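Asker: Sharing a structure below in structure tokens format, with a few things to ask.
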Amino acid sequence: MTAREIVAALEAADVRLRVNGDRIDLEAEAEPPRALLDELRARKPAVLAYLAEREAPPRAPLPPFELTLSTFAAPTIQALDRAELERRRAASRPTGRAF
């Protein structure tokens, strides 16, 4: 069984799991099935990793960016956020006046 399957099976048996350092605390009204406990012991590191990942707060999304190639002598890549990109585009637009 995979770590996800073990956790799903234990939760289906009304067992609540909680990570406590390098331990897994179990809460249940009745004794969990022996076969599931054996699977949990055999794959404890994978189950700990799965539970930690599942309980981790969601990561903030990265801001949108656009890559542009520099027109200077040495080609470089610049990451610009959308606001800076729009500011640069607006600054480079002709004003409509002829000189």
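A note on labels: chains of the structure tokens are A, B, ... as shown, every chain counts residues from 1, and ligands are counted from 1 in their shown order.
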I need the residues of stretch 6-65 of chain A that end up classed as alpha helix (DSSP H) by DSSP on the backbone, written out as a PyMOL selection string.
Answerer: chain A and resi 6-12+34-42+44-55
Asker: May I have the residues from that selection written out with N, CA and C atoms, as a short mmCIF file (atom, residue, chain, number, x, y, z; two decimals), in the first residue's frame?
Answerer:
```
data_model
loop_
_atom_site.label_atom_id
_atom_site.label_comp_id
_atom_site.auth_asym_id
_atom_site.auth_seq_id
_atom_site.Cartn_x
_atom_site.Cartn_y
_atom_site.Cartn_z
N ILE A 6 -2.74 4.01 2.88
CA ILE A 6 -2.74 3.66 4.31
C ILE A 6 -3.52 4.70 5.09
N VAL A 7 -3.25 5.97 4.85
CA VAL A 7 -3.95 7.05 5.56
C VAL A 7 -5.44 7.00 5.24
N ALA A 8 -5.78 6.82 3.96
CA ALA A 8 -7.20 6.75 3.58
C ALA A 8 -7.90 5.58 4.27
N ALA A 9 -7.25 4.44 4.33
CA ALA A 9 -7.85 3.26 4.96
C ALA A 9 -8.03 3.49 6.46
N LEU A 10 -7.04 4.08 7.11
CA LEU A 10 -7.17 4.35 8.54
C LEU A 10 -8.28 5.37 8.81
N GLU A 11 -8.35 6.42 7.98
CA GLU A 11 -9.40 7.41 8.17
C GLU A 11 -10.77 6.82 7.89
N ALA A 12 -10.86 5.89 6.93
CA ALA A 12 -12.14 5.21 6.66
C ALA A 12 -12.56 4.34 7.84
N ARG A 34 -5.44 -4.60 12.70
CA ARG A 34 -4.04 -4.97 12.88
C ARG A 34 -3.24 -4.86 11.59
N ALA A 35 -3.85 -5.28 10.48
CA ALA A 35 -3.15 -5.24 9.19
C ALA A 35 -2.79 -3.80 8.81
N LEU A 36 -3.68 -2.86 9.11
CA LEU A 36 -3.39 -1.46 8.81
C LEU A 36 -2.28 -0.92 9.70
N LEU A 37 -2.27 -1.30 10.95
CA LEU A 37 -1.21 -0.86 11.85
C LEU A 37 0.15 -1.42 11.40
N ASP A 38 0.14 -2.67 10.92
CA ASP A 38 1.38 -3.26 10.41
C ASP A 38 1.87 -2.50 9.16
N GLU A 39 0.94 -2.15 8.28
CA GLU A 39 1.30 -1.36 7.09
C GLU A 39 1.85 0.01 7.51
N LEU A 40 1.22 0.61 8.49
CA LEU A 40 1.66 1.92 8.98
C LEU A 40 3.08 1.84 9.54
N ARG A 41 3.35 0.83 10.33
CA ARG A 41 4.70 0.65 10.89
C ARG A 41 5.74 0.43 9.78
N ALA A 42 5.37 -0.38 8.78
CA ALA A 42 6.31 -0.72 7.70
C ALA A 42 6.64 0.49 6.83
N LYS A 44 6.23 3.88 7.82
CA LYS A 44 6.12 5.08 8.66
C LYS A 44 6.80 6.31 8.05
N PRO A 45 8.04 6.24 7.56
CA PRO A 45 8.66 7.45 6.98
C PRO A 45 7.84 8.04 5.83
N ALA A 46 7.31 7.18 4.96
CA ALA A 46 6.51 7.67 3.84
C ALA A 46 5.19 8.27 4.32
N VAL A 47 4.58 7.65 5.33
CA VAL A 47 3.33 8.18 5.87
C VAL A 47 3.58 9.52 6.56
N LEU A 48 4.68 9.63 7.32
CA LEU A 48 5.02 10.91 7.96
C LEU A 48 5.19 12.00 6.90
N ALA A 49 5.90 11.69 5.83
CA ALA A 49 6.12 12.68 4.76
C ALA A 49 4.79 13.08 4.12
N TYR A 50 3.93 12.10 3.86
CA TYR A 50 2.64 12.38 3.24
C TYR A 50 1.79 13.26 4.16
N LEU A 51 1.72 12.92 5.44
CA LEU A 51 0.91 13.71 6.37
C LEU A 51 1.47 15.13 6.52
N ALA A 52 2.78 15.26 6.58
CA ALA A 52 3.39 16.59 6.71
C ALA A 52 3.07 17.43 5.48
N GLU A 53 3.15 16.82 4.30
CA GLU A 53 2.84 17.54 3.06
C GLU A 53 1.37 17.94 3.02
N ARG A 54 0.51 17.03 3.44
CA ARG A 54 -0.93 17.29 3.41
C ARG A 54 -1.32 18.38 4.40
N GLU A 55 -0.64 18.44 5.54
CA GLU A 55 -0.98 19.42 6.57
C GLU A 55 -0.27 20.75 6.40
#
```
Asker: Give me, please, the distance in Å between atom CA of A:Ala56 and atom CA of A:Arg16, quoted to one decimal.
Answerer: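 These two atoms are separated by 16.8 Å.
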Asker: Any idea what the distance is between atom CA of A:Glu27 and atom CA of A:Val15?
Answerer: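 Those two atoms sit 5.6 Å apart.
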Asker: Between A:Arg43, A:Pro57, A:Asp14, A:Glu86, which residue has the minimum interatomic distance to A:Glu29, considering only C-alpha atoms?
Answerer: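 Closest residue, counting only C-alpha atoms: A:Asp14.
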Asker: Could you state the separation of atom CA of A:Leu17 and atom CA of A:Glu5 in Å, given to one decimal place?
Answerer: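 The value is 13.3 Å.
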Asker: Got a sec to tell me which of stretch 5-43 of chain A DSSP assigns to strand (DSSP E or B), as a PyMOL selection string?
Answerer: chain A and resi 15-20+23-28
